[in-house]
file target_22.txt (compact mmCIF, C-alpha atoms)
# COMPACT_ATOMS: atom_id res chain seq x y z
CA MET A 1 81.49 166.55 94.32
CA THR A 2 78.18 167.53 95.86
CA SER A 3 78.13 167.06 99.64
CA ALA A 4 75.11 166.28 101.77
CA ALA A 5 75.52 169.66 103.50
CA GLN A 6 74.87 171.61 100.33
CA PRO A 7 71.34 172.97 99.88
CA ALA A 8 69.27 171.38 97.16
CA PRO A 9 68.85 173.43 93.97
CA ALA A 10 65.84 175.71 94.16
CA ASP A 11 64.81 174.91 90.59
CA GLN A 12 64.71 171.47 89.03
CA PHE A 13 64.61 170.86 85.28
CA ASP A 14 64.94 167.74 83.20
CA VAL A 15 67.57 169.37 80.98
CA ALA A 16 69.84 172.40 81.14
CA VAL A 17 71.20 173.69 77.83
CA ILE A 18 74.32 175.85 77.97
CA GLY A 19 74.22 178.20 74.99
CA GLY A 20 71.16 179.73 73.37
CA GLY A 21 72.32 180.13 69.77
CA LEU A 22 70.96 178.52 66.63
CA ASN A 23 71.64 175.01 67.97
CA GLY A 24 71.03 175.55 71.67
CA LEU A 25 67.59 177.14 71.50
CA THR A 26 66.47 174.76 68.75
CA GLN A 27 67.51 171.81 70.94
CA ALA A 28 65.60 173.28 73.87
CA ILE A 29 62.48 173.84 71.79
CA ALA A 30 62.63 170.29 70.38
CA LEU A 31 62.79 168.80 73.88
CA ALA A 32 60.16 171.14 75.34
CA ARG A 33 57.75 170.20 72.56
CA HIS A 34 57.99 166.61 73.76
CA GLY A 35 57.22 167.33 77.40
CA ILE A 36 60.79 167.76 78.69
CA SER A 37 61.34 170.72 81.02
CA VAL A 38 64.33 172.78 79.91
CA ALA A 39 66.40 175.70 81.18
CA VAL A 40 68.62 177.52 78.65
CA ILE A 41 71.53 179.51 80.04
CA ASP A 42 72.96 181.93 77.48
CA ARG A 43 75.60 184.60 77.89
CA GLU A 44 74.05 186.82 75.20
CA ASP A 45 71.20 189.25 75.78
CA PRO A 46 68.37 188.10 73.44
CA ALA A 47 67.88 191.69 72.27
CA ARG A 48 71.51 191.87 71.17
CA ALA A 49 71.48 188.39 69.59
CA THR A 50 68.51 189.32 67.39
CA ALA A 51 69.79 192.79 66.39
CA ALA A 52 70.55 193.35 62.71
CA GLY A 53 74.28 193.82 63.25
CA PHE A 54 74.90 190.73 65.40
CA ASP A 55 75.10 187.99 62.76
CA GLY A 56 75.03 188.69 59.04
CA ARG A 57 75.29 185.12 57.85
CA VAL A 58 72.76 183.14 55.86
CA SER A 59 72.50 179.40 56.55
CA ALA A 60 71.50 176.62 54.19
CA ILE A 61 68.81 174.52 55.84
CA ALA A 62 68.55 171.17 54.07
CA LEU A 63 65.10 169.79 53.30
CA ALA A 64 65.36 167.14 56.05
CA SER A 65 66.40 169.82 58.56
CA GLN A 66 63.44 171.97 57.51
CA ARG A 67 61.13 169.02 58.14
CA MET A 68 62.46 168.79 61.68
CA LEU A 69 62.01 172.52 62.31
CA ASP A 70 58.44 172.16 61.07
CA ALA A 71 57.80 169.12 63.27
CA ILE A 72 58.87 171.00 66.42
CA GLY A 73 56.75 174.06 65.59
CA LEU A 74 59.65 176.39 64.82
CA TRP A 75 59.38 176.69 61.04
CA ARG A 76 56.02 178.46 61.12
CA HIS A 77 57.74 181.40 62.83
CA VAL A 78 60.36 181.75 60.06
CA SER A 79 59.31 184.95 58.31
CA ALA A 80 61.42 184.66 55.14
CA ALA A 81 63.00 181.58 53.53
CA GLN A 82 64.36 181.31 50.00
CA PRO A 83 63.88 177.87 48.40
CA MET A 84 67.08 176.47 46.90
CA TRP A 85 65.89 175.01 43.61
CA ASP A 86 69.21 174.40 41.88
CA ILE A 87 72.89 174.13 42.84
CA ARG A 88 75.70 174.94 40.42
CA VAL A 89 79.31 173.99 41.24
CA SER A 90 82.15 175.26 39.04
CA ASP A 91 85.93 175.50 39.18
CA GLY A 92 86.87 179.10 38.42
CA ASP A 93 86.28 179.87 34.76
CA SER A 94 86.31 176.24 33.62
CA LEU A 95 83.64 175.22 31.13
CA LEU A 96 83.07 172.02 33.12
CA PHE A 97 80.68 172.18 36.08
CA VAL A 98 78.03 170.26 38.01
CA HIS A 99 74.42 171.39 37.85
CA TYR A 100 72.02 169.87 40.36
CA ASP A 101 68.40 170.38 39.30
CA HIS A 102 65.77 169.57 41.94
CA THR A 103 63.33 168.31 39.29
CA ASP A 104 65.64 165.35 38.67
CA ILE A 105 64.55 163.83 41.99
CA GLY A 106 61.17 165.39 42.74
CA SER A 107 59.27 168.60 43.31
CA ASP A 108 60.80 169.68 46.63
CA PRO A 109 63.69 172.16 46.82
CA PHE A 110 67.08 171.02 48.11
CA GLY A 111 66.42 173.17 51.12
CA TYR A 112 66.09 176.81 52.10
CA LEU A 113 68.41 179.75 52.62
CA VAL A 114 67.48 181.62 55.79
CA GLU A 115 69.20 184.60 57.38
CA ASN A 116 70.52 183.67 60.81
CA ARG A 117 68.78 186.69 62.28
CA VAL A 118 65.45 185.44 60.90
CA THR A 119 66.03 182.07 62.57
CA ARG A 120 66.94 183.73 65.88
CA LEU A 121 63.75 185.81 65.77
CA ALA A 122 61.74 182.64 64.99
CA GLN A 123 63.28 180.93 68.02
CA GLN A 124 62.28 183.81 70.27
CA ALA A 125 58.73 183.70 68.91
CA ALA A 126 58.54 179.93 69.46
CA LEU A 127 59.42 180.33 73.15
CA ALA A 128 55.89 181.60 73.77
CA ASP A 129 54.61 178.15 72.77
CA CYS A 130 56.85 176.37 75.30
CA PRO A 131 55.70 177.02 78.89
CA ASN A 132 58.09 174.33 80.17
CA LEU A 133 61.14 176.16 78.73
CA GLU A 134 62.91 179.00 80.55
CA LEU A 135 65.54 181.17 78.84
CA ILE A 136 67.92 182.61 81.43
CA ALA A 137 69.92 185.35 79.72
CA PRO A 138 72.24 187.11 79.77
CA MET A 139 73.75 184.65 82.22
CA THR A 140 76.59 182.18 82.59
CA ALA A 141 77.05 179.06 84.70
CA ARG A 142 80.16 179.54 86.81
CA HIS A 143 80.27 175.89 87.90
CA ILE A 144 78.61 172.59 87.00
CA ASP A 145 78.73 169.65 89.42
CA TYR A 146 77.72 166.43 87.66
CA GLY A 147 77.84 164.34 90.83
CA ALA A 148 79.13 160.79 91.08
CA ALA A 149 78.34 158.39 88.25
CA GLY A 150 75.70 155.92 89.38
CA SER A 151 74.53 158.06 92.31
CA GLY A 152 71.25 159.04 90.66
CA ALA A 153 71.72 162.64 91.80
CA PRO A 154 71.09 165.39 89.24
CA ALA A 155 73.77 167.74 87.98
CA VAL A 156 73.84 171.07 89.82
CA LEU A 157 74.56 174.34 88.03
CA ASP A 158 75.63 177.43 89.96
CA LEU A 159 74.79 180.58 87.97
CA ASP A 160 76.56 183.90 88.20
CA ASN A 161 73.53 185.52 89.84
CA GLY A 162 73.59 183.01 92.71
CA ARG A 163 70.74 180.87 91.39
CA ARG A 164 71.17 177.07 91.59
CA ILE A 165 69.58 174.73 89.06
CA GLY A 166 69.31 170.95 89.06
CA ALA A 167 69.12 168.96 85.80
CA ARG A 168 69.20 165.27 84.84
CA LEU A 169 71.12 166.19 81.67
CA VAL A 170 73.36 169.12 80.70
CA ILE A 171 73.74 169.83 76.98
CA GLY A 172 76.73 171.85 75.81
CA ALA A 173 75.70 174.05 72.89
CA ASP A 174 78.21 176.79 73.65
CA GLY A 175 80.20 176.83 70.42
CA ARG A 176 83.69 175.90 69.30
CA GLN A 177 85.30 177.30 72.44
CA SER A 178 82.85 175.30 74.57
CA ALA A 179 83.41 175.68 78.30
CA VAL A 180 81.24 172.59 78.88
CA ARG A 181 83.54 170.51 76.69
CA ARG A 182 86.71 171.96 78.19
CA GLU A 183 85.63 171.48 81.81
CA ALA A 184 84.60 167.90 81.04
CA GLY A 185 88.19 167.26 79.91
CA ILE A 186 87.18 166.31 76.37
CA ARG A 187 90.02 166.75 73.89
CA THR A 188 89.62 167.97 70.31
CA ILE A 189 91.28 167.31 66.97
CA ASP A 190 91.62 170.70 65.32
CA TRP A 191 93.54 172.82 62.85
CA SER A 192 93.27 176.18 61.15
CA TYR A 193 92.87 176.54 57.41
CA ASN A 194 94.62 179.93 57.53
CA GLN A 195 91.58 181.20 55.68
CA THR A 196 88.93 183.75 56.58
CA GLY A 197 85.34 183.78 55.39
CA ILE A 198 84.08 187.20 54.36
CA VAL A 199 80.30 187.54 54.48
CA CYS A 200 78.19 190.30 52.95
CA THR A 201 74.88 190.84 51.19
CA VAL A 202 74.81 191.82 47.51
CA GLN A 203 71.91 193.52 45.79
CA HIS A 204 71.76 192.69 42.08
CA GLU A 205 69.80 193.66 38.99
CA LEU A 206 68.71 190.24 37.69
CA PRO A 207 66.88 187.51 39.69
CA HIS A 208 68.86 184.54 40.99
CA GLU A 209 66.04 182.06 40.26
CA GLY A 210 66.77 180.23 43.51
CA VAL A 211 70.14 178.94 42.25
CA ALA A 212 72.96 178.52 44.78
CA GLN A 213 76.40 178.83 43.21
CA GLU A 214 79.72 177.54 44.53
CA ARG A 215 82.72 178.77 42.58
CA PHE A 216 86.08 177.27 43.47
CA LEU A 217 88.76 179.92 43.15
CA PRO A 218 92.50 179.47 43.90
CA ALA A 219 92.15 181.41 47.18
CA GLY A 220 89.16 179.33 48.30
CA PRO A 221 85.46 178.82 47.57
CA PHE A 222 83.26 181.76 46.63
CA ALA A 223 79.60 180.95 47.33
CA ILE A 224 76.64 182.98 46.06
CA LEU A 225 73.59 182.04 48.10
CA PRO A 226 70.15 183.23 46.98
CA MET A 227 68.15 185.28 49.48
CA THR A 228 64.58 186.50 49.51
CA ASP A 229 63.97 189.88 47.89
CA ASP A 230 64.00 192.85 50.24
CA GLU A 231 60.91 194.87 51.18
CA ALA A 232 61.22 196.95 48.01
CA GLY A 233 61.42 193.85 45.79
CA ARG A 234 65.15 194.19 45.08
CA HIS A 235 67.03 190.96 44.41
CA ARG A 236 69.64 189.86 46.97
CA SER A 237 72.24 187.16 47.49
CA SER A 238 74.61 186.41 50.34
CA LEU A 239 78.31 185.95 49.63
CA VAL A 240 80.55 183.62 51.57
CA TRP A 241 83.92 184.65 50.19
CA THR A 242 87.04 182.73 51.29
CA GLU A 243 90.52 184.26 51.23
CA PRO A 244 93.85 183.56 52.95
CA THR A 245 93.77 185.28 56.32
CA GLU A 246 96.25 188.07 55.55
CA ARG A 247 94.59 188.94 52.25
CA ALA A 248 91.12 188.81 53.86
CA ALA A 249 92.24 191.34 56.47
CA ALA A 250 93.45 193.66 53.71
CA ILE A 251 90.15 193.30 51.82
CA MET A 252 88.11 193.98 54.95
CA ALA A 253 90.19 197.15 55.53
CA LEU A 254 89.29 198.58 52.10
CA ASP A 255 86.84 201.43 51.81
CA ASP A 256 83.43 200.70 50.29
CA ALA A 257 84.50 201.43 46.71
CA GLY A 258 87.61 199.26 46.97
CA PHE A 259 85.70 196.39 48.60
CA VAL A 260 83.01 196.47 45.88
CA ALA A 261 85.67 196.47 43.16
CA GLU A 262 87.27 193.32 44.65
CA MET A 263 83.89 191.67 45.03
CA ARG A 264 82.85 192.38 41.43
CA GLN A 265 86.00 190.74 40.07
CA ARG A 266 84.79 187.45 41.56
CA PHE A 267 81.02 187.88 41.40
CA GLY A 268 80.84 187.89 37.60
CA THR A 269 78.24 189.50 35.36
CA GLY A 270 75.47 186.89 35.38
CA TYR A 271 73.35 188.91 37.81
CA GLY A 272 73.67 192.28 36.08
CA ASP A 273 74.69 195.38 37.97
CA CYS A 274 75.38 194.68 41.66
CA ALA A 275 76.30 196.47 44.88
CA VAL A 276 77.11 195.53 48.47
CA VAL A 277 74.39 196.51 50.94
CA GLY A 278 74.73 196.58 54.69
CA PRO A 279 77.78 195.70 56.79
CA ARG A 280 80.52 193.15 56.13
CA TRP A 281 81.56 190.40 58.52
CA SER A 282 84.56 188.08 58.65
CA TYR A 283 85.16 184.78 60.45
CA PRO A 284 88.27 182.58 60.81
CA LEU A 285 87.87 179.13 59.25
CA SER A 286 89.04 175.99 60.99
CA PHE A 287 88.32 172.31 61.59
CA MET A 288 87.43 170.84 65.00
CA LEU A 289 86.17 167.47 66.15
CA ALA A 290 85.63 166.50 69.80
CA THR A 291 86.98 163.08 70.70
CA ARG A 292 83.79 162.39 72.70
CA TYR A 293 80.28 163.82 72.49
CA ALA A 294 78.95 162.58 75.82
CA GLY A 295 79.82 161.81 79.43
CA HIS A 296 78.03 161.39 82.74
CA ARG A 297 74.93 163.62 82.55
CA MET A 298 76.50 165.62 79.70
CA ALA A 299 76.21 165.74 75.90
CA LEU A 300 77.63 168.06 73.25
CA ILE A 301 75.84 169.25 70.13
CA GLY A 302 76.59 171.51 67.18
CA ASP A 303 79.78 173.56 67.16
CA ALA A 304 80.65 172.36 70.68
CA ALA A 305 81.07 168.87 69.18
CA HIS A 306 82.36 169.62 65.68
CA GLY A 307 83.21 172.45 63.33
CA ILE A 308 83.83 172.15 59.60
CA HIS A 309 84.74 174.37 56.66
CA PRO A 310 81.68 176.09 55.14
CA ILE A 311 82.61 174.82 51.66
CA ALA A 312 79.48 172.61 51.46
CA GLY A 313 77.17 174.79 53.57
CA GLN A 314 76.46 171.89 55.95
CA GLY A 315 77.66 173.26 59.30
CA LEU A 316 74.24 174.13 60.73
CA ASN A 317 72.70 170.97 59.29
CA LEU A 318 75.17 168.80 61.20
CA GLY A 319 74.04 170.51 64.39
CA LEU A 320 70.37 170.06 63.52
CA ARG A 321 70.98 166.36 62.91
CA ASP A 322 72.62 166.16 66.34
CA ILE A 323 69.49 167.74 67.80
CA ALA A 324 67.17 165.29 66.06
CA ALA A 325 69.18 162.28 67.28
CA LEU A 326 69.63 163.50 70.87
CA THR A 327 65.97 164.46 71.16
CA GLU A 328 64.88 161.01 70.02
CA ALA A 329 67.26 159.28 72.44
CA VAL A 330 66.11 161.43 75.38
CA VAL A 331 62.39 161.23 74.63
CA GLU A 332 62.48 157.44 74.20
CA ALA A 333 64.43 157.03 77.45
CA ARG A 334 61.91 159.22 79.26
CA ARG A 335 59.02 157.19 77.86
CA LEU A 336 60.62 154.01 79.22
CA GLY A 337 61.08 155.58 82.65
CA LEU A 338 64.88 155.65 82.35
CA ASP A 339 67.20 158.31 83.69
CA ILE A 340 67.81 160.56 80.65
CA GLY A 341 71.35 161.33 81.84
CA ARG A 342 72.40 157.67 81.90
CA SER A 343 75.56 156.80 80.01
CA ASP A 344 73.85 154.20 77.81
CA VAL A 345 71.23 156.75 76.68
CA LEU A 346 73.93 159.25 75.77
CA ASP A 347 76.20 156.60 74.23
CA ARG A 348 73.40 155.80 71.80
CA TYR A 349 73.34 159.43 70.73
CA GLU A 350 77.12 159.54 70.27
CA ARG A 351 77.22 156.35 68.19
CA TRP A 352 74.38 157.63 66.03
CA ARG A 353 76.12 160.91 65.20
CA ARG A 354 79.83 160.21 65.16
CA VAL A 355 80.15 158.52 61.76
CA ASP A 356 78.11 161.17 59.94
CA ASN A 357 80.10 164.01 61.50
CA VAL A 358 83.49 162.39 60.87
CA VAL A 359 82.67 161.52 57.25
CA LEU A 360 81.32 164.96 56.35
CA GLY A 361 84.22 166.62 58.16
CA ALA A 362 86.70 164.55 56.14
CA VAL A 363 84.89 165.28 52.87
CA THR A 364 84.78 169.04 53.42
CA ASP A 365 88.43 169.05 54.52
CA GLY A 366 89.44 167.12 51.40
CA LEU A 367 87.46 169.42 49.12
CA THR A 368 89.00 172.48 50.73
CA ARG A 369 92.53 171.19 50.18
CA LEU A 370 91.77 169.98 46.65
CA PHE A 371 90.16 173.17 45.38
CA SER A 372 91.99 175.93 47.31
CA ASN A 373 94.95 176.00 44.95
CA ASP A 374 95.86 176.57 41.30
CA ILE A 375 98.16 173.59 40.69
CA ALA A 376 97.68 172.65 37.03
CA PRO A 377 97.47 168.81 37.32
CA LEU A 378 95.00 169.06 40.20
CA ARG A 379 92.96 171.66 38.36
CA ILE A 380 92.68 169.41 35.31
CA ALA A 381 91.74 166.38 37.43
CA ARG A 382 89.07 168.18 39.43
CA ASP A 383 87.56 169.77 36.31
CA LEU A 384 87.28 166.36 34.69
CA GLY A 385 85.75 165.05 37.91
CA LEU A 386 83.08 167.75 37.85
CA GLY A 387 82.30 166.91 34.23
CA VAL A 388 82.01 163.19 34.99
CA VAL A 389 79.69 163.73 37.97
CA ASN A 390 77.51 166.01 35.85
CA ARG A 391 77.02 163.24 33.28
CA ILE A 392 76.43 160.20 35.53
CA GLY A 393 72.78 160.35 36.56
CA PRO A 394 72.76 157.91 39.52
CA LEU A 395 75.87 159.53 41.04
CA LYS A 396 74.36 162.98 40.65
CA LYS A 397 71.16 161.87 42.34
CA LEU A 398 73.12 160.42 45.26
CA PHE A 399 74.88 163.76 45.78
CA MET A 400 71.56 165.57 45.51
CA ARG A 401 70.07 163.35 48.23
CA HIS A 402 73.06 164.20 50.40
CA ALA A 403 72.43 167.91 49.82
CA MET A 404 68.83 167.41 50.99
CA GLY A 405 70.01 165.54 54.11
CA ASP A 406 67.98 162.53 53.02
CA ILE A 407 70.64 159.80 53.26
CA GLY A 408 71.33 157.24 55.97
CA ARG A 409 69.43 156.16 59.06
CA LEU A 410 67.55 159.34 59.85
CA PRO A 411 66.07 160.25 63.22
CA ARG A 412 62.30 160.50 62.98
CA LEU A 413 62.25 164.29 63.33
CA LEU A 414 64.30 164.61 60.12
CA LYS A 415 61.52 162.71 58.36
CA GLY A 416 59.02 165.23 59.70
CA GLU A 417 57.57 162.74 62.22
CA SER A 418 56.61 163.65 65.77
CA LEU A 419 58.04 161.56 68.61
CA VAL A 420 54.79 161.70 70.60

call {"tool": "encode", "arguments": {"input": "target_22.txt", "output": "structure tokens"}}
result
Amino acid sequence: MTSAAQPAPADQFDVAVIGGGLNGLTQAIALARHGISVAVIDREDPARATAAGFDGRVSAIALASQRMLDAIGLWRHVSAAQPMWDIRVSDGDSLLFVHYDHTDIGSDPFGYLVENRVTRLAQQAALADCPNLELIAPMTARHIDYGAAGSGAPAVLDLDNGRRIGARLVIGADGRQSAVRREAGIRTIDWSYNQTGIVCTVQHELPHEGVAQERFLPAGPFAILPMTDDEAGRHRSSLVWTEPTERAAAIMALDDAGFVAEMRQRFGTGYGDCAVVGPRWSYPLSFMLATRYAGHRMALIGDAAHGIHPIAGQGLNLGLRDIAALTEAVVEARRLGLDIGRSDVLDRYERWRRVDNVVLGAVTDGLTRLFSNDIAPLRIARDLGLGVVNRIGPLKKLFMRHAMGDIGRLPRLLKGESLV
């Protein structure tokens, strides 16, 4: 508890965001664009976080999420984005598949594939447009005192360099191992899939035509995500290749020739001659859902609140939807003259997001368990299911709207609308 003898924080902000990754900095920029003063405390040095070897992943940004990034002035700094025109889902070598064609529902793409590094660089560029946003990095908060509920006092953050910051609201955007969540005593529901995602970039002879492919193999999904061509005009795709953890470790330990040979067995021949370019990365795959997203002067977003299997490529989009909802709740409360850290303001955010996150988490978990095996009856059933979905127009269009993030009661930012 904060005592009367303690000195007041030297620096007062409306919001303090813990974690300056893809979700944290985007949340800060969204709030700053709407007149909220924000401090971001991030343990990573920005120069390291934007280096080529830091994060090799490519993220699918659904059309609704792209609208939000555009509305907050971030999208214009994105230097390279590959439109996702079609999605093809298949079960191994089965002749039955689902083909989602964007022209069936309009002229817009389903979304865009953007390298995480490109998004991080865009965030750094957007900071120059936000004079009311301060990035404090590399730095950690060694203690957060939220004060007594109902006291009206701000939260106080003690940083490792001795600086003290006051904030009406603290947002935890510090990932699956969130210290903010842990110190708030919020429990999680979680389990490991005993799978590892292998990520690498493949250069290939033939163009991908903006088609994202998801192939369900017995070991797990094998996604081929279209990327923009490189500076020399060579075609590229990002692989998200799932294997059981022990086998993934053995594959990662192979030399370049052995790794490429394993990759080619799964990649197929539809793209012509292909080769792996650049480094390889691997990440453990698990499920996590926080039992609460908010408390007194505290809210969780992104991976601090939930983590799902990448089987549907929706992980970042869930975080971006959190950001849109929390920004709207905070900005509206501020406009009404309310304390933005009040429980009822944050409860509105939690109610808005919980159902969407739980439902998508359950769907991705079910798909992972259904498709990550080679049991004959299940294989036959799921192949027939893919064939049925491919033939029923209204059902296909519903799934396509989901892929675009265009379903449900959307926050205004996801519609591309400003909150001003």

call {"tool": "closest_residue", "arguments": {"input": "target_22.txt", "among": "A:Ala39, A:Ala257, A:Leu74, A:Val202", "to": "Ala128 (chain A)", "atoms": "all atoms listed in the file"}}
result
A:Leu74

call {"tool": "closest_atom_pairs", "arguments": {"input": "target_22.txt", "of": "region 129-166 of chain A", "to": "region 338-349 of chain A", "cutoff": "12 Å", "atoms": "all atoms listed in the file", "output": "Markdown table"}}
result
| residue | atom | partner | partner_atom | distance |
| --- | --- | --- | --- | --- |
| A:Tyr146 | CA | A:Gly341 | CA | 10.0 |
| A:Gly147 | CA | A:Gly341 | CA | 11.5 |
| A:Ala148 | CA | A:Arg342 | CA | 11.8 |
| A:Ala149 | CA | A:Arg342 | CA | 8.7 |
| A:Gly150 | CA | A:Arg342 | CA | 8.4 |
| A:Ser151 | CA | A:Arg342 | CA | 10.6 |
| A:Gly152 | CA | A:Asp339 | CA | 8.1 |
| A:Ala153 | CA | A:Gly341 | CA | 10.1 |
| A:Pro154 | CA | A:Gly341 | CA | 8.4 |
| A:Ala155 | CA | A:Gly341 | CA | 9.2 |

call {"tool": "write_last_selection", "arguments": {"input": "target_22.txt", "atoms": "C-alpha atoms", "output": "PDB file, in the frame of the given file"}}
result
ATOM      1  CA  TYR A 146      77.720 166.430  87.660  1.00  0.00           C
ATOM      2  CA  GLY A 147      77.840 164.340  90.830  1.00  0.00           C
ATOM      3  CA  ALA A 148      79.130 160.790  91.080  1.00  0.00           C
ATOM      4  CA  ALA A 149      78.340 158.390  88.250  1.00  0.00           C
ATOM      5  CA  GLY A 150      75.700 155.920  89.380  1.00  0.00           C
ATOM      6  CA  SER A 151      74.530 158.060  92.310  1.00  0.00           C
ATOM      7  CA  GLY A 152      71.250 159.040  90.660  1.00  0.00           C
ATOM      8  CA  ALA A 153      71.720 162.640  91.800  1.00  0.00           C
ATOM      9  CA  PRO A 154      71.090 165.390  89.240  1.00  0.00           C
ATOM     10  CA  ALA A 155      73.770 167.740  87.980  1.00  0.00           C
TER      11      ALA A 155
END

call {"tool": "closest_residue", "arguments": {"input": "target_22.txt", "among": "A:Met400, A:Leu410, A:Ile301, A:Val118", "to": "Leu316 (chain A)", "atoms": "only C-alpha atoms"}}
result
A:Ile301

call {"tool": "atom_distance", "arguments": {"input": "target_22.txt", "atom1": "CA of Asp101 (chain A)", "atom2": "CA of Ala223 (chain A)"}}
result
17.4 Å

call {"tool": "atom_distance", "arguments": {"input": "target_22.txt", "atom1": "CA of Pro131 (chain A)", "atom2": "CA of His77 (chain A)"}}
result
16.8 Å

call {"tool": "residues_around", "arguments": {"input": "target_22.txt", "residues": "Gly313 (chain A)", "least_positions_apart": "5", "cutoff": "12 Å", "atoms": "only C-alpha atoms", "output": "number ranges by chain"}}
result
A: 57-62, 87, 111-113, 212-214, 221-225, 239-240, 307-308, 318, 360-361, 364, 402-405

call {"tool": "residues_around", "arguments": {"input": "target_22.txt", "residues": "Thr269 (chain A)", "least_positions_apart": "4", "cutoff": "10 Å", "atoms": "only C-alpha atoms", "output": "ChimeraX atom specification"}}
result
/A:204,206,264-265,273-274

call {"tool": "residues_around", "arguments": {"input": "target_22.txt", "residues": "Ser282 (chain A)", "least_positions_apart": "5", "cutoff": "7 Å", "atoms": "all atoms listed in the file", "output": "PDB file with C-alpha atoms, in the coordinates of the input"}}
result
ATOM      1  CA  THR A 196      88.930 183.750  56.580  1.00  0.00           C
ATOM      2  CA  GLY A 197      85.340 183.780  55.390  1.00  0.00           C
ATOM      3  CA  ILE A 198      84.080 187.200  54.360  1.00  0.00           C
ATOM      4  CA  VAL A 199      80.300 187.540  54.480  1.00  0.00           C
TER       5      VAL A 199
END

call {"tool": "residues_around", "arguments": {"input": "target_22.txt", "residues": "region 157-171 of chain A", "least_positions_apart": "3", "cutoff": "7 Å", "atoms": "all atoms listed in the file", "output": "ChimeraX atom specification"}}
result
/A:9-18,139-145,154,297-300,340-341

call {"tool": "atom_distance", "arguments": {"input": "target_22.txt", "atom1": "CA of Trp191 (chain A)", "atom2": "CA of Leu217 (chain A)"}}
result
21.5 Å

call {"tool": "residues_around", "arguments": {"input": "target_22.txt", "residues": "Val331 (chain A)", "least_positions_apart": "5", "cutoff": "8 Å", "atoms": "all atoms listed in the file", "output": "number ranges by chain"}}
result
A: 31, 34, 36, 419

call {"tool": "closest_residue", "arguments": {"input": "target_22.txt", "among": "A:Ser238, A:Thr291, A:Gln177, A:Thr327", "to": "Gly56 (chain A)", "atoms": "all atoms listed in the file"}}
result
A:Ser238

call {"tool": "closest_residue", "arguments": {"input": "target_22.txt", "among": "A:Leu370, A:Ala275, A:Ala329, A:Leu121", "to": "Arg76 (chain A)", "atoms": "all atoms listed in the file"}}
result
A:Leu121

call {"tool": "closest_residue", "arguments": {"input": "target_22.txt", "among": "A:Asp356, A:Ser192, A:Asp406, A:His208", "to": "Gly270 (chain A)", "atoms": "only C-alpha atoms"}}
result
A:His208

call {"tool": "closest_residue", "arguments": {"input": "target_22.txt", "among": "A:Pro109, A:Gly220, A:Pro138, A:Gly172", "to": "Arg369 (chain A)", "atoms": "all atoms listed in the file"}}
result
A:Gly220

call {"tool": "closest_atom_pairs", "arguments": {"input": "target_22.txt", "of": "region 61-106 of chain A", "to": "region 320-326 of chain A", "cutoff": "12 Å", "atoms": "only C-alpha atoms", "output": "Markdown table"}}
result
| residue | atom | partner | partner_atom | distance |
| --- | --- | --- | --- | --- |
| A:Ile61 | CA | A:Leu320 | CA | 9.0 |
| A:Ala62 | CA | A:Leu320 | CA | 9.7 |
| A:Leu63 | CA | A:Leu320 | CA | 11.5 |
| A:Ala64 | CA | A:Arg321 | CA | 8.9 |
| A:Ser65 | CA | A:Leu320 | CA | 6.4 |
| A:Gln66 | CA | A:Leu320 | CA | 9.4 |
| A:Arg67 | CA | A:Ala324 | CA | 10.6 |
| A:Met68 | CA | A:Ala324 | CA | 7.3 |
| A:Leu69 | CA | A:Leu320 | CA | 8.8 |
| A:Ala71 | CA | A:Ala324 | CA | 10.5 |
| A:Ile72 | CA | A:Ala324 | CA | 10.1 |
